[in-house]
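Source file: data03.pdb. Holds: PDB, C-alpha atoms.
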ATOM      1  CA  MET A   1      15.251 -52.117 -22.225
ATOM      2  CA  SER A   2      12.594 -50.949 -24.648
ATOM      3  CA  ILE A   3       9.158 -49.947 -23.423
ATOM      4  CA  TRP A   4       7.648 -49.586 -26.872
ATOM      5  CA  PRO A   5       6.176 -53.056 -27.431
ATOM      6  CA  ARG A   6       4.488 -52.899 -24.023
ATOM      7  CA  ALA A   7       3.127 -49.444 -24.853
ATOM      8  CA  VAL A   8       1.677 -50.659 -28.152
ATOM      9  CA  PHE A   9      -0.023 -53.539 -26.389
ATOM     10  CA  ARG A  10      -1.481 -51.195 -23.817
ATOM     11  CA  ALA A  11      -2.732 -48.855 -26.510
ATOM     12  CA  SER A  12      -4.913 -51.556 -28.011
ATOM     13  CA  SER A  13      -5.980 -52.933 -24.648
ATOM     14  CA  VAL A  14      -7.392 -49.573 -23.637
ATOM     15  CA  PHE A  15     -10.223 -50.122 -26.049
ATOM     16  CA  ALA A  16     -10.540 -53.847 -25.529
ATOM     17  CA  ASP A  17     -10.910 -53.410 -21.782
ATOM     18  CA  GLN A  18     -13.911 -51.188 -22.325
ATOM     19  CA  GLY A  19     -15.589 -53.534 -24.734
ATOM     20  CA  TYR A  20     -14.484 -51.702 -27.858
ATOM     21  CA  THR A  21     -12.849 -53.356 -30.832
ATOM     22  CA  LEU A  22     -10.795 -51.871 -33.596
ATOM     23  CA  PRO A  23     -11.598 -53.634 -36.891
ATOM     24  CA  THR A  24      -8.552 -54.502 -38.932
ATOM     25  CA  GLU A  25     -10.044 -53.706 -42.320
ATOM     26  CA  ALA A  26      -9.957 -50.231 -43.757
ATOM     27  CA  ILE A  27     -13.219 -48.382 -44.067
ATOM     28  CA  VAL A  28     -13.846 -45.898 -46.867
ATOM     29  CA  PRO A  29     -14.402 -42.483 -45.285
ATOM     30  CA  PRO A  30     -17.579 -40.591 -46.083
ATOM     31  CA  SER A  31     -17.089 -37.711 -48.483
ATOM     32  CA  SER A  32     -17.549 -35.222 -45.660
ATOM     33  CA  VAL A  33     -14.359 -36.403 -43.967
ATOM     34  CA  PRO A  34     -11.418 -34.419 -45.307
ATOM     35  CA  PHE A  35      -8.611 -36.497 -46.753
ATOM     36  CA  ILE A  36      -5.639 -35.575 -44.653
ATOM     37  CA  SER A  37      -2.618 -37.648 -45.422
ATOM     38  CA  GLN A  38      -0.344 -34.655 -45.999
ATOM     39  CA  PRO A  39       2.002 -33.569 -43.247
ATOM     40  CA  SER A  40       0.684 -30.624 -41.271
ATOM     41  CA  VAL A  41       3.591 -28.383 -42.237
ATOM     42  CA  GLY A  42       1.884 -25.025 -41.562
ATOM     43  CA  ILE A  43       0.663 -26.148 -38.166
ATOM     44  CA  SER A  44       4.109 -27.440 -37.245
ATOM     45  CA  ALA A  45       5.669 -24.159 -38.283
ATOM     46  CA  LEU A  46       3.321 -22.221 -36.030
ATOM     47  CA  ALA A  47       4.030 -24.474 -33.041
ATOM     48  CA  VAL A  48       7.760 -24.355 -33.740
ATOM     49  CA  ARG A  49       7.665 -20.548 -33.766
ATOM     50  CA  GLN A  50       5.884 -20.568 -30.420
ATOM     51  CA  ALA A  51       8.399 -22.980 -28.897
ATOM     52  CA  ARG A  52      11.338 -20.914 -30.186
ATOM     53  CA  SER A  53       9.840 -17.757 -28.680
ATOM     54  CA  PHE A  54      10.296 -19.212 -25.185
ATOM     55  CA  VAL A  55      14.005 -18.430 -25.384
ATOM     56  CA  SER A  56      13.046 -14.903 -24.314
ATOM     57  CA  LEU A  57      11.519 -16.076 -21.020
ATOM     58  CA  LYS A  58      13.860 -15.160 -18.214
ATOM     59  CA  GLU A  59      14.119 -16.769 -14.793
ATOM     60  CA  GLY A  60      10.935 -15.968 -12.862
ATOM     61  CA  TRP A  61       8.806 -15.333 -15.954
ATOM     62  CA  ASP A  62       5.641 -16.459 -14.123
ATOM     63  CA  GLY A  63       6.225 -14.128 -11.165
ATOM     64  CA  TYR A  64       6.839 -17.129  -8.888
ATOM     65  CA  GLY A  65      10.423 -18.085  -9.699
ATOM     66  CA  ALA A  66       9.835 -20.169 -12.835
ATOM     67  CA  ALA A  67      12.916 -21.642 -14.466
ATOM     68  CA  SER A  68      13.989 -20.206 -17.809
ATOM     69  CA  ILE A  69      13.507 -22.468 -20.816
ATOM     70  CA  LYS A  70      16.948 -23.774 -21.749
ATOM     71  CA  PRO A  71      18.126 -23.945 -25.377
ATOM     72  CA  ALA A  72      18.411 -27.755 -25.199
ATOM     73  CA  THR A  73      14.749 -28.014 -24.177
ATOM     74  CA  ILE A  74      13.669 -25.718 -27.013
ATOM     75  CA  SER A  75      15.790 -27.682 -29.436
ATOM     76  CA  ASN A  76      14.165 -30.953 -28.312
ATOM     77  CA  ALA A  77      10.674 -29.499 -28.699
ATOM     78  CA  VAL A  78      11.430 -28.102 -32.148
ATOM     79  CA  ARG A  79      12.924 -31.410 -33.298
ATOM     80  CA  LEU A  80       9.852 -33.354 -32.187
ATOM     81  CA  LEU A  81       7.398 -30.824 -33.644
ATOM     82  CA  GLU A  82       9.187 -30.807 -36.977
ATOM     83  CA  ALA A  83       9.181 -34.593 -37.082
ATOM     84  CA  PHE A  84       5.450 -34.963 -36.406
ATOM     85  CA  HIS A  85       3.173 -35.598 -39.371
ATOM     86  CA  LEU A  86      -0.197 -35.248 -37.702
ATOM     87  CA  PRO A  87      -3.567 -34.838 -39.433
ATOM     88  CA  THR A  88      -4.257 -31.193 -40.177
ATOM     89  CA  ALA A  89      -7.694 -31.604 -38.592
ATOM     90  CA  LEU A  90      -5.967 -31.896 -35.231
ATOM     91  CA  GLY A  91      -4.894 -28.287 -35.493
ATOM     92  CA  ALA A  92      -1.867 -26.794 -33.836
ATOM     93  CA  PRO A  93      -1.090 -28.058 -30.357
ATOM     94  CA  PHE A  94      -1.366 -25.685 -27.408
ATOM     95  CA  VAL A  95       2.296 -24.922 -26.787
ATOM     96  CA  ALA A  96       3.282 -23.498 -23.416
ATOM     97  CA  PRO A  97       6.264 -23.206 -21.130
ATOM     98  CA  HIS A  98       6.078 -24.902 -17.741
ATOM     99  CA  PRO A  99       7.425 -23.175 -14.621
ATOM    100  CA  ASN A 100       9.755 -26.143 -14.143
ATOM    101  CA  GLY A 101      11.645 -25.220 -17.321
ATOM    102  CA  THR A 102       9.960 -27.698 -19.652
ATOM    103  CA  ILE A 103       7.771 -27.191 -22.715
ATOM    104  CA  THR A 104       4.293 -28.683 -22.934
ATOM    105  CA  LEU A 105       2.316 -29.589 -26.055
ATOM    106  CA  GLU A 106      -1.385 -30.364 -25.811
ATOM    107  CA  TRP A 107      -3.958 -31.615 -28.263
ATOM    108  CA  ASP A 108      -7.575 -32.152 -27.389
ATOM    109  CA  SER A 109     -10.879 -32.942 -29.008
ATOM    110  CA  PRO A 110     -14.238 -34.403 -27.957
ATOM    111  CA  PHE A 111     -12.571 -37.826 -28.318
ATOM    112  CA  GLY A 112      -9.739 -37.290 -25.872
ATOM    113  CA  GLU A 113      -6.549 -35.433 -25.095
ATOM    114  CA  ALA A 114      -2.830 -35.872 -25.507
ATOM    115  CA  TYR A 115      -0.147 -34.137 -23.461
ATOM    116  CA  LEU A 116       3.565 -34.145 -24.187
ATOM    117  CA  GLU A 117       6.049 -32.507 -21.822
ATOM    118  CA  ILE A 118       9.600 -32.073 -23.048
ATOM    119  CA  GLY A 119      12.666 -31.418 -20.937
ATOM    120  CA  GLN A 120      16.399 -31.131 -21.468
ATOM    121  CA  THR A 121      16.935 -34.883 -21.716
ATOM    122  CA  ARG A 122      13.565 -36.558 -21.085
ATOM    123  CA  TYR A 123       9.978 -36.425 -22.206
ATOM    124  CA  SER A 124       6.744 -37.658 -20.646
ATOM    125  CA  PHE A 125       3.568 -38.244 -22.591
ATOM    126  CA  TYR A 126       0.069 -39.389 -22.004
ATOM    127  CA  ALA A 127      -2.969 -39.726 -24.224
ATOM    128  CA  LYS A 128      -6.342 -40.304 -22.697
ATOM    129  CA  PRO A 129      -9.652 -41.014 -24.408
ATOM    130  CA  THR A 130     -12.701 -39.217 -23.019
ATOM    131  CA  VAL A 131     -13.759 -42.518 -21.529
ATOM    132  CA  GLY A 132     -11.037 -44.956 -20.641
ATOM    133  CA  GLU A 133      -7.537 -45.289 -19.333
ATOM    134  CA  ALA A 134      -4.539 -43.237 -20.321
ATOM    135  CA  ILE A 135      -1.691 -44.490 -22.440
ATOM    136  CA  LEU A 136       1.613 -43.473 -20.856
ATOM    137  CA  LEU A 137       4.971 -43.088 -22.574
ATOM    138  CA  GLU A 138       8.217 -41.594 -21.357
ATOM    139  CA  GLY A 139      11.909 -41.770 -22.024
ATOM    140  CA  ALA A 140      14.937 -39.964 -23.394
ATOM    141  CA  THR A 141      14.065 -37.236 -25.897
ATOM    142  CA  ASP A 142      16.699 -38.422 -28.353
ATOM    143  CA  MET A 143      15.181 -41.914 -28.302
ATOM    144  CA  ALA A 144      11.562 -40.797 -28.721
ATOM    145  CA  ARG A 145       9.633 -42.922 -31.204
ATOM    146  CA  ILE A 146       7.970 -40.247 -33.317
ATOM    147  CA  ASP A 147       5.821 -42.763 -35.184
ATOM    148  CA  LEU A 148       4.419 -44.210 -31.970
ATOM    149  CA  LEU A 149       3.732 -40.792 -30.458
ATOM    150  CA  GLU A 150       1.967 -39.455 -33.543
ATOM    151  CA  ASP A 151      -0.004 -42.652 -34.019
ATOM    152  CA  THR A 152      -1.159 -42.583 -30.378
ATOM    153  CA  ILE A 153      -2.089 -38.887 -30.583
ATOM    154  CA  THR A 154      -4.053 -39.480 -33.764
ATOM    155  CA  ARG A 155      -5.858 -42.571 -32.507
ATOM    156  CA  ILE A 156      -6.896 -40.982 -29.203
ATOM    157  CA  VAL A 157      -7.530 -37.363 -30.131
ATOM    158  CA  PHE A 158      -8.717 -37.761 -33.703
ATOM    159  CA  PRO A 159      -9.729 -41.397 -34.186
ATOM    160  CA  ILE A 160     -11.617 -40.757 -37.437
ATOM    161  CA  ARG A 161      -8.688 -42.200 -39.299
ATOM    162  CA  SER A 162      -5.240 -43.432 -38.507
ATOM    163  CA  SER A 163      -2.029 -41.841 -39.696
ATOM    164  CA  SER A 164      -1.797 -44.503 -42.376
ATOM    165  CA  ASN A 165      -4.297 -44.682 -45.226
ATOM    166  CA  SER A 166      -6.769 -46.710 -43.180
ATOM    167  CA  VAL A 167      -9.834 -45.445 -41.421
ATOM    168  CA  TYR A 168     -10.904 -47.162 -38.250
ATOM    169  CA  SER A 169     -14.268 -47.164 -36.619
ATOM    170  CA  ILE A 170     -14.733 -48.071 -32.978
ATOM    171  CA  THR A 171     -17.546 -50.498 -32.356
ATOM    172  CA  ARG A 172     -19.091 -51.102 -28.982
ATOM    173  CA  VAL A 173     -19.318 -54.785 -28.149
ATOM    174  CA  ASN A 174     -22.158 -55.443 -25.769
ATOM    175  CA  LYS A 175     -20.939 -57.872 -23.174
ATOM    176  CA  PRO A 176     -23.520 -60.338 -21.864
ATOM    177  CA  SER A 177     -24.809 -59.057 -18.555
ATOM    178  CA  ALA A 178     -24.042 -61.215 -15.542
ATOM    179  CA  LYS A 179     -27.210 -62.494 -13.901
TER
ATOM    180  CA  MET B   1      -2.984 -15.315 -14.228
ATOM    181  CA  HIS B   2      -0.412 -15.694 -16.969
ATOM    182  CA  PRO B   3      -1.450 -15.649 -20.653
ATOM    183  CA  PHE B   4      -0.303 -19.288 -20.838
ATOM    184  CA  HIS B   5      -3.061 -20.129 -18.348
ATOM    185  CA  PHE B   6      -5.767 -19.602 -20.976
ATOM    186  CA  ASP B   7      -6.546 -21.578 -24.093
ATOM    187  CA  SER B   8      -7.313 -20.000 -27.455
ATOM    188  CA  LYS B   9     -10.980 -19.686 -26.470
ATOM    189  CA  GLY B  10     -10.160 -17.823 -23.266
ATOM    190  CA  ARG B  11     -10.894 -20.769 -20.974
ATOM    191  CA  LEU B  12      -8.759 -21.505 -17.932
ATOM    192  CA  LYS B  13      -6.210 -24.300 -18.357
ATOM    193  CA  PRO B  14      -5.253 -26.791 -15.625
ATOM    194  CA  GLN B  15      -1.841 -25.079 -15.517
ATOM    195  CA  ALA B  16      -3.503 -22.099 -13.810
ATOM    196  CA  PHE B  17      -3.782 -24.199 -10.653
ATOM    197  CA  GLU B  18      -0.453 -26.044 -10.814
ATOM    198  CA  SER B  19       2.119 -25.329  -8.137
ATOM    199  CA  PRO B  20       4.884 -22.899  -9.011
ATOM    200  CA  ARG B  21       8.432 -24.201  -9.370
ATOM    201  CA  THR B  22       9.685 -23.452  -5.890
ATOM    202  CA  LYS B  23       6.873 -24.472  -3.555
ATOM    203  CA  ASP B  24       3.682 -26.466  -3.373
ATOM    204  CA  GLU B  25       1.449 -23.436  -2.818
ATOM    205  CA  ILE B  26      -1.134 -21.729  -4.987
ATOM    206  CA  SER B  27      -2.271 -18.448  -3.431
ATOM    207  CA  VAL B  28      -6.012 -17.823  -3.213
ATOM    208  CA  ILE B  29      -8.276 -15.465  -1.258
ATOM    209  CA  ARG B  30     -11.260 -16.551   0.815
ATOM    210  CA  LEU B  31     -14.271 -14.663  -0.468
ATOM    211  CA  ASP B  32     -16.105 -15.245   2.826
ATOM    212  CA  PHE B  33     -13.564 -12.930   4.488
ATOM    213  CA  SER B  34     -13.233 -10.384   1.690
ATOM    214  CA  ASP B  35     -15.122  -9.212  -1.391
ATOM    215  CA  PRO B  36     -14.529  -9.138  -5.161
ATOM    216  CA  THR B  37     -13.099  -5.611  -5.053
ATOM    217  CA  PHE B  38     -10.495  -6.664  -2.462
ATOM    218  CA  CYS B  39      -9.650  -9.750  -4.578
ATOM    219  CA  LYS B  40      -9.240  -7.557  -7.648
ATOM    220  CA  ARG B  41      -7.021  -5.051  -5.845
ATOM    221  CA  TRP B  42      -4.899  -7.864  -4.384
ATOM    222  CA  GLY B  43      -4.557  -9.440  -7.814
ATOM    223  CA  LYS B  44      -3.482  -6.173  -9.414
ATOM    224  CA  HIS B  45      -1.096  -5.510  -6.527
ATOM    225  CA  ARG B  46       0.558  -8.926  -7.003
ATOM    226  CA  VAL B  47       0.890  -8.328 -10.730
ATOM    227  CA  ALA B  48       2.571  -4.996 -10.041
ATOM    228  CA  VAL B  49       4.978  -6.624  -7.564
ATOM    229  CA  GLN B  50       5.786  -9.736  -9.583
ATOM    230  CA  GLY B  51       5.541  -8.435 -13.131
ATOM    231  CA  ALA B  52       5.323 -10.938 -15.976
ATOM    232  CA  LYS B  53       1.626 -11.502 -15.352
ATOM    233  CA  GLU B  54      -1.550  -9.761 -16.292
ATOM    234  CA  TYR B  55      -4.630  -9.222 -14.184
ATOM    235  CA  LYS B  56      -7.605 -10.467 -16.212
ATOM    236  CA  GLY B  57     -10.370 -11.360 -13.769
ATOM    237  CA  LEU B  58     -11.400 -13.591 -10.901
ATOM    238  CA  ALA B  59     -11.990 -17.326 -10.630
ATOM    239  CA  ALA B  60     -14.340 -18.601  -7.926
ATOM    240  CA  PHE B  61     -14.681 -22.071  -6.410
ATOM    241  CA  HIS B  62     -15.645 -23.723  -3.161
ATOM    242  CA  ALA B  63     -12.954 -25.066  -0.823
ATOM    243  CA  ALA B  64     -14.780 -28.385  -1.036
ATOM    244  CA  SER B  65     -13.820 -28.585  -4.731
ATOM    245  CA  VAL B  66     -10.161 -28.512  -3.702
ATOM    246  CA  ARG B  67     -10.643 -31.241  -1.128
ATOM    247  CA  ALA B  68     -12.612 -33.277  -3.670
ATOM    248  CA  ILE B  69      -9.432 -33.754  -5.722
ATOM    249  CA  PHE B  70      -7.448 -34.776  -2.621
ATOM    250  CA  SER B  71      -5.627 -31.458  -2.389
ATOM    251  CA  ARG B  72      -5.554 -29.300   0.723
ATOM    252  CA  ILE B  73      -6.580 -25.706   1.227
ATOM    253  CA  ILE B  74      -5.037 -24.025   4.222
ATOM    254  CA  ALA B  75      -5.680 -20.590   5.710
ATOM    255  CA  THR B  76      -2.423 -18.623   5.540
ATOM    256  CA  PRO B  77      -3.420 -15.077   6.566
ATOM    257  CA  LYS B  78      -0.941 -12.310   5.831
ATOM    258  CA  ASP B  79      -0.703  -8.870   7.409
ATOM    259  CA  ASP B  80      -1.930  -7.196   4.256
ATOM    260  CA  CYS B  81      -4.270 -10.022   3.250
ATOM    261  CA  PRO B  82      -6.028 -11.700   6.195
ATOM    262  CA  ALA B  83      -8.206 -13.735   3.812
ATOM    263  CA  HIS B  84      -5.187 -15.385   2.177
ATOM    264  CA  ALA B  85      -5.091 -19.186   1.785
ATOM    265  CA  ASP B  86      -2.947 -21.705  -0.081
ATOM    266  CA  ILE B  87      -3.886 -24.734  -2.149
ATOM    267  CA  ARG B  88      -1.437 -27.609  -1.803
ATOM    268  CA  HIS B  89      -1.556 -30.570  -4.180
ATOM    269  CA  GLY B  90       1.155 -32.580  -2.458
ATOM    270  CA  TYR B  91       3.151 -32.825  -5.676
ATOM    271  CA  MET B  92       6.008 -30.863  -7.225
ATOM    272  CA  ARG B  93       8.142 -31.742 -10.237
ATOM    273  CA  PRO B  94      11.109 -33.649  -8.809
ATOM    274  CA  GLN B  95      13.799 -32.306 -11.121
ATOM    275  CA  GLU B  96      14.276 -28.907 -12.718
ATOM    276  CA  ASP B  97      14.221 -28.753 -16.535
ATOM    277  CA  GLU B  98      12.762 -32.273 -16.738
ATOM    278  CA  PRO B  99       9.156 -33.489 -16.680
ATOM    279  CA  GLY B 100       7.779 -35.677 -13.936
ATOM    280  CA  THR B 101       6.852 -39.223 -14.840
ATOM    281  CA  ALA B 102       3.980 -39.691 -17.270
ATOM    282  CA  ARG B 103       1.970 -41.331 -14.475
ATOM    283  CA  GLU B 104       2.487 -38.359 -12.132
ATOM    284  CA  ILE B 105       1.604 -35.791 -14.761
ATOM    285  CA  GLU B 106      -1.487 -37.645 -15.910
ATOM    286  CA  ALA B 107      -2.686 -38.063 -12.328
ATOM    287  CA  LEU B 108      -2.182 -34.394 -11.456
ATOM    288  CA  ARG B 109      -3.796 -33.089 -14.638
ATOM    289  CA  THR B 110      -6.767 -35.418 -14.209
ATOM    290  CA  ARG B 111      -7.277 -33.967 -10.719
ATOM    291  CA  LEU B 112      -6.927 -30.393 -11.977
ATOM    292  CA  LYS B 113      -9.321 -30.933 -14.873
ATOM    293  CA  LYS B 114     -11.886 -32.311 -12.461
ATOM    294  CA  PHE B 115     -11.316 -29.271 -10.244
ATOM    295  CA  LEU B 116     -11.712 -26.871 -13.174
ATOM    296  CA  ARG B 117     -15.228 -28.168 -13.768
ATOM    297  CA  ASN B 118     -16.118 -26.540 -10.439
ATOM    298  CA  VAL B 119     -14.389 -23.240 -11.102
ATOM    299  CA  LYS B 120     -16.225 -20.267 -12.576
ATOM    300  CA  TYR B 121     -14.082 -17.673 -14.272
ATOM    301  CA  TYR B 122     -15.262 -14.055 -14.283
ATOM    302  CA  PRO B 123     -13.365 -11.947 -16.818
ATOM    303  CA  ASP B 124     -13.117  -8.386 -15.530
ATOM    304  CA  PRO B 125     -15.171  -6.083 -17.798
ATOM    305  CA  ASP B 126     -13.026  -3.105 -16.762
ATOM    306  CA  VAL B 127      -9.582  -4.074 -15.533
ATOM    307  CA  THR B 128      -8.545  -0.441 -15.104
ATOM    308  CA  ALA B 129     -11.368   0.377 -12.662
ATOM    309  CA  GLU B 130     -10.538   0.347  -8.947
ATOM    310  CA  GLU B 131     -13.758  -1.459  -8.039
ATOM    311  CA  TRP B 132     -15.072  -4.777  -9.249
ATOM    312  CA  THR B 133     -17.781  -3.900 -11.772
ATOM    313  CA  GLY B 134     -18.491  -7.374 -13.102
ATOM    314  CA  ASP B 135     -21.176  -9.892 -12.274
ATOM    315  CA  ALA B 136     -21.706 -11.074  -8.700
ATOM    316  CA  VAL B 137     -18.865 -13.516  -7.971
ATOM    317  CA  THR B 138     -20.107 -16.873  -6.747
ATOM    318  CA  ALA B 139     -18.626 -20.333  -6.902
ATOM    319  CA  PRO B 140     -20.496 -22.978  -8.900
ATOM    320  CA  ALA B 141     -22.869 -25.011  -6.732
TER
END
This entry written out as structure tokens:
Amino acid sequence: MSIWPRAVFRASSVFADQGYTLPTEAIVPPSSVPFISQPSVGISALAVRQARSFVSLKEGWDGYGAASIKPATISNAVRLLEAFHLPTALGAPFVAPHPNGTITLEWDSPFGEAYLEIGQTRYSFYAKPTVGEAILLEGATDMARIDLLEDTITRIVFPIRSSSNSVYSITRVNKPSAK
Amino acid sequence: MHPFHFDSKGRLKPQAFESPRTKDEISVIRLDFSDPTFCKRWGKHRVAVQGAKEYKGLAAFHAASVRAIFSRIIATPKDDCPAHADIRHGYMRPQEDEPGTAREIEALRTRLKKFLRNVKYYPDPDVTAEEWTGDAVTAPA
């Protein structure tokens, strides 16, 4: 069973439920907005280095019995990080080990946050706008839809433009007040 | 605190108040029954015992802020620390080396982020000193 179509539907409904609409036409960005269609190779490399460094964390690295970070978990994190082509304006994610033996990646901005936790075989992800409901995704790491994850991260955390060559603006639709 | 508990700007992350792997308990000290110097000495003592961590300062909050996120705070006095208490969130990752469900993680982190808004972090201006020499430690109103 695939959860992806349902997730895509939910992603758009997050905005619709709050009275926001995403116009379908592309909008030319103002000159002050950097053009950022290139993959964020340098940022990925930094995050990959951080993730790889967790191999040195031994059992109990947090002083409270934390699990070591297994090679399979590091390999999953590196594979996902290397596959991401996120806008450079997002910056490098905050990469950290979790005491449970997983690796966490976080992006945040005034628009919202995204959190991806990667384990030996599974990942869990959520992206949440500053105002509104979270979009939830989870599944097997080897089945992770990179395009959906990066598109959701970009739209929630850095909604100035999408990962394609379109720029979206979010317009508030004033609903008639009930009297 | 562990270095992974701070972001690049030195702010506390929600992870600082997540349960450790083995039990749903986050150790804290009740300031009403101690003082900042005792908290500092206890923190440095724990670092020395556990290793892997670094004493950096104190974080203050009201017990009501814990209850406000539907977590519990329970007095758990110890012989060498009568002011000891534990925060319990009622959630631990169900399986080692794997994340919890996206719903569980989002719910916990939302609670912890709300909690962090009521936590004031006091970086220690002189971690090597025996006494607390920083500002008066008070929880946000």
For chain A, report every residue with an atom at most 8 Å from chain B (counting all atoms listed in the file), formatted as a PDB file with C-alpha atoms, keeping the file's coordinate frame.
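The resulting file, selection-v1.pdb, is shown below:
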ATOM      1  CA  TRP A  61       8.806 -15.333 -15.954  1.00  0.00           C
ATOM      2  CA  ASP A  62       5.641 -16.459 -14.123  1.00  0.00           C
ATOM      3  CA  GLY A  63       6.225 -14.128 -11.165  1.00  0.00           C
ATOM      4  CA  TYR A  64       6.839 -17.129  -8.888  1.00  0.00           C
ATOM      5  CA  GLY A  65      10.423 -18.085  -9.699  1.00  0.00           C
ATOM      6  CA  ALA A  66       9.835 -20.169 -12.835  1.00  0.00           C
ATOM      7  CA  ALA A  67      12.916 -21.642 -14.466  1.00  0.00           C
ATOM      8  CA  ILE A  69      13.507 -22.468 -20.816  1.00  0.00           C
ATOM      9  CA  LYS A  70      16.948 -23.774 -21.749  1.00  0.00           C
ATOM     10  CA  THR A  73      14.749 -28.014 -24.177  1.00  0.00           C
ATOM     11  CA  PHE A  94      -1.366 -25.685 -27.408  1.00  0.00           C
ATOM     12  CA  ALA A  96       3.282 -23.498 -23.416  1.00  0.00           C
ATOM     13  CA  PRO A  97       6.264 -23.206 -21.130  1.00  0.00           C
ATOM     14  CA  PRO A  99       7.425 -23.175 -14.621  1.00  0.00           C
ATOM     15  CA  ASN A 100       9.755 -26.143 -14.143  1.00  0.00           C
ATOM     16  CA  GLY A 101      11.645 -25.220 -17.321  1.00  0.00           C
ATOM     17  CA  THR A 102       9.960 -27.698 -19.652  1.00  0.00           C
ATOM     18  CA  GLU A 117       6.049 -32.507 -21.822  1.00  0.00           C
ATOM     19  CA  ILE A 118       9.600 -32.073 -23.048  1.00  0.00           C
ATOM     20  CA  GLY A 119      12.666 -31.418 -20.937  1.00  0.00           C
ATOM     21  CA  GLN A 120      16.399 -31.131 -21.468  1.00  0.00           C
ATOM     22  CA  THR A 121      16.935 -34.883 -21.716  1.00  0.00           C
ATOM     23  CA  ARG A 122      13.565 -36.558 -21.085  1.00  0.00           C
ATOM     24  CA  TYR A 123       9.978 -36.425 -22.206  1.00  0.00           C
ATOM     25  CA  SER A 124       6.744 -37.658 -20.646  1.00  0.00           C
ATOM     26  CA  PHE A 125       3.568 -38.244 -22.591  1.00  0.00           C
ATOM     27  CA  TYR A 126       0.069 -39.389 -22.004  1.00  0.00           C
ATOM     28  CA  ALA A 134      -4.539 -43.237 -20.321  1.00  0.00           C
ATOM     29  CA  LEU A 136       1.613 -43.473 -20.856  1.00  0.00           C
ATOM     30  CA  LEU A 137       4.971 -43.088 -22.574  1.00  0.00           C
ATOM     31  CA  GLU A 138       8.217 -41.594 -21.357  1.00  0.00           C
TER      32      GLU A 138
END
Worksheet item: Could you spell out the hits of the PyMOL selection byres ((chain B and resi 36) around 9) on the shown file, as a ChimeraX atom specification?
Response: /B:31,34-35,37-41,58,131-132,136-137
Worksheet item: What is the atom CA of B:Ala64 to atom CA of A:Thr130 distance in Å?
Response: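 Answer for the atom CA of B:Ala64 to atom CA of A:Thr130 separation: 24.6 Å.
With all atoms listed in the file taken into account, the protein and nucleic acid residues at most 12 Å from B:Ala83 (excluding it and anything under 3 positions from it in its own chain) are Ser27, Val28, Ile29, Arg30, Leu31, Asp32, Phe33, Ser34, Asp35, Pro36, Phe38, Cys39, Trp42, Ile74, Ala75, Thr76, Pro77, Lys78, Asp79, Asp80 and Asp86 of chain B.
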Could you save those same residues with C-alpha atoms as a tab-separated table (two decimals), in the coordinates of the input?
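As a result, part05.tsv now contains:
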chain	number	residue	atom	x	y	z
B	27	SER	CA	-2.27	-18.45	-3.43
B	28	VAL	CA	-6.01	-17.82	-3.21
B	29	ILE	CA	-8.28	-15.46	-1.26
B	30	ARG	CA	-11.26	-16.55	0.82
B	31	LEU	CA	-14.27	-14.66	-0.47
B	32	ASP	CA	-16.10	-15.24	2.83
B	33	PHE	CA	-13.56	-12.93	4.49
B	34	SER	CA	-13.23	-10.38	1.69
B	35	ASP	CA	-15.12	-9.21	-1.39
B	36	PRO	CA	-14.53	-9.14	-5.16
B	38	PHE	CA	-10.50	-6.66	-2.46
B	39	CYS	CA	-9.65	-9.75	-4.58
B	42	TRP	CA	-4.90	-7.86	-4.38
B	74	ILE	CA	-5.04	-24.02	4.22
B	75	ALA	CA	-5.68	-20.59	5.71
B	76	THR	CA	-2.42	-18.62	5.54
B	77	PRO	CA	-3.42	-15.08	6.57
B	78	LYS	CA	-0.94	-12.31	5.83
B	79	ASP	CA	-0.70	-8.87	7.41
B	80	ASP	CA	-1.93	-7.20	4.26
B	86	ASP	CA	-2.95	-21.70	-0.08
Worksheet item: Separation of atom CA of A:Phe158 and atom CA of A:Ile135, in Å?
Response: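 Separation between atom CA of A:Phe158 and atom CA of A:Ile135: 14.9 Å.
Residue nearest A:Val48, chosen from A:Arg145, A:His85, A:Arg79, A:His98 and counting all atoms listed in the file: A:Arg79.
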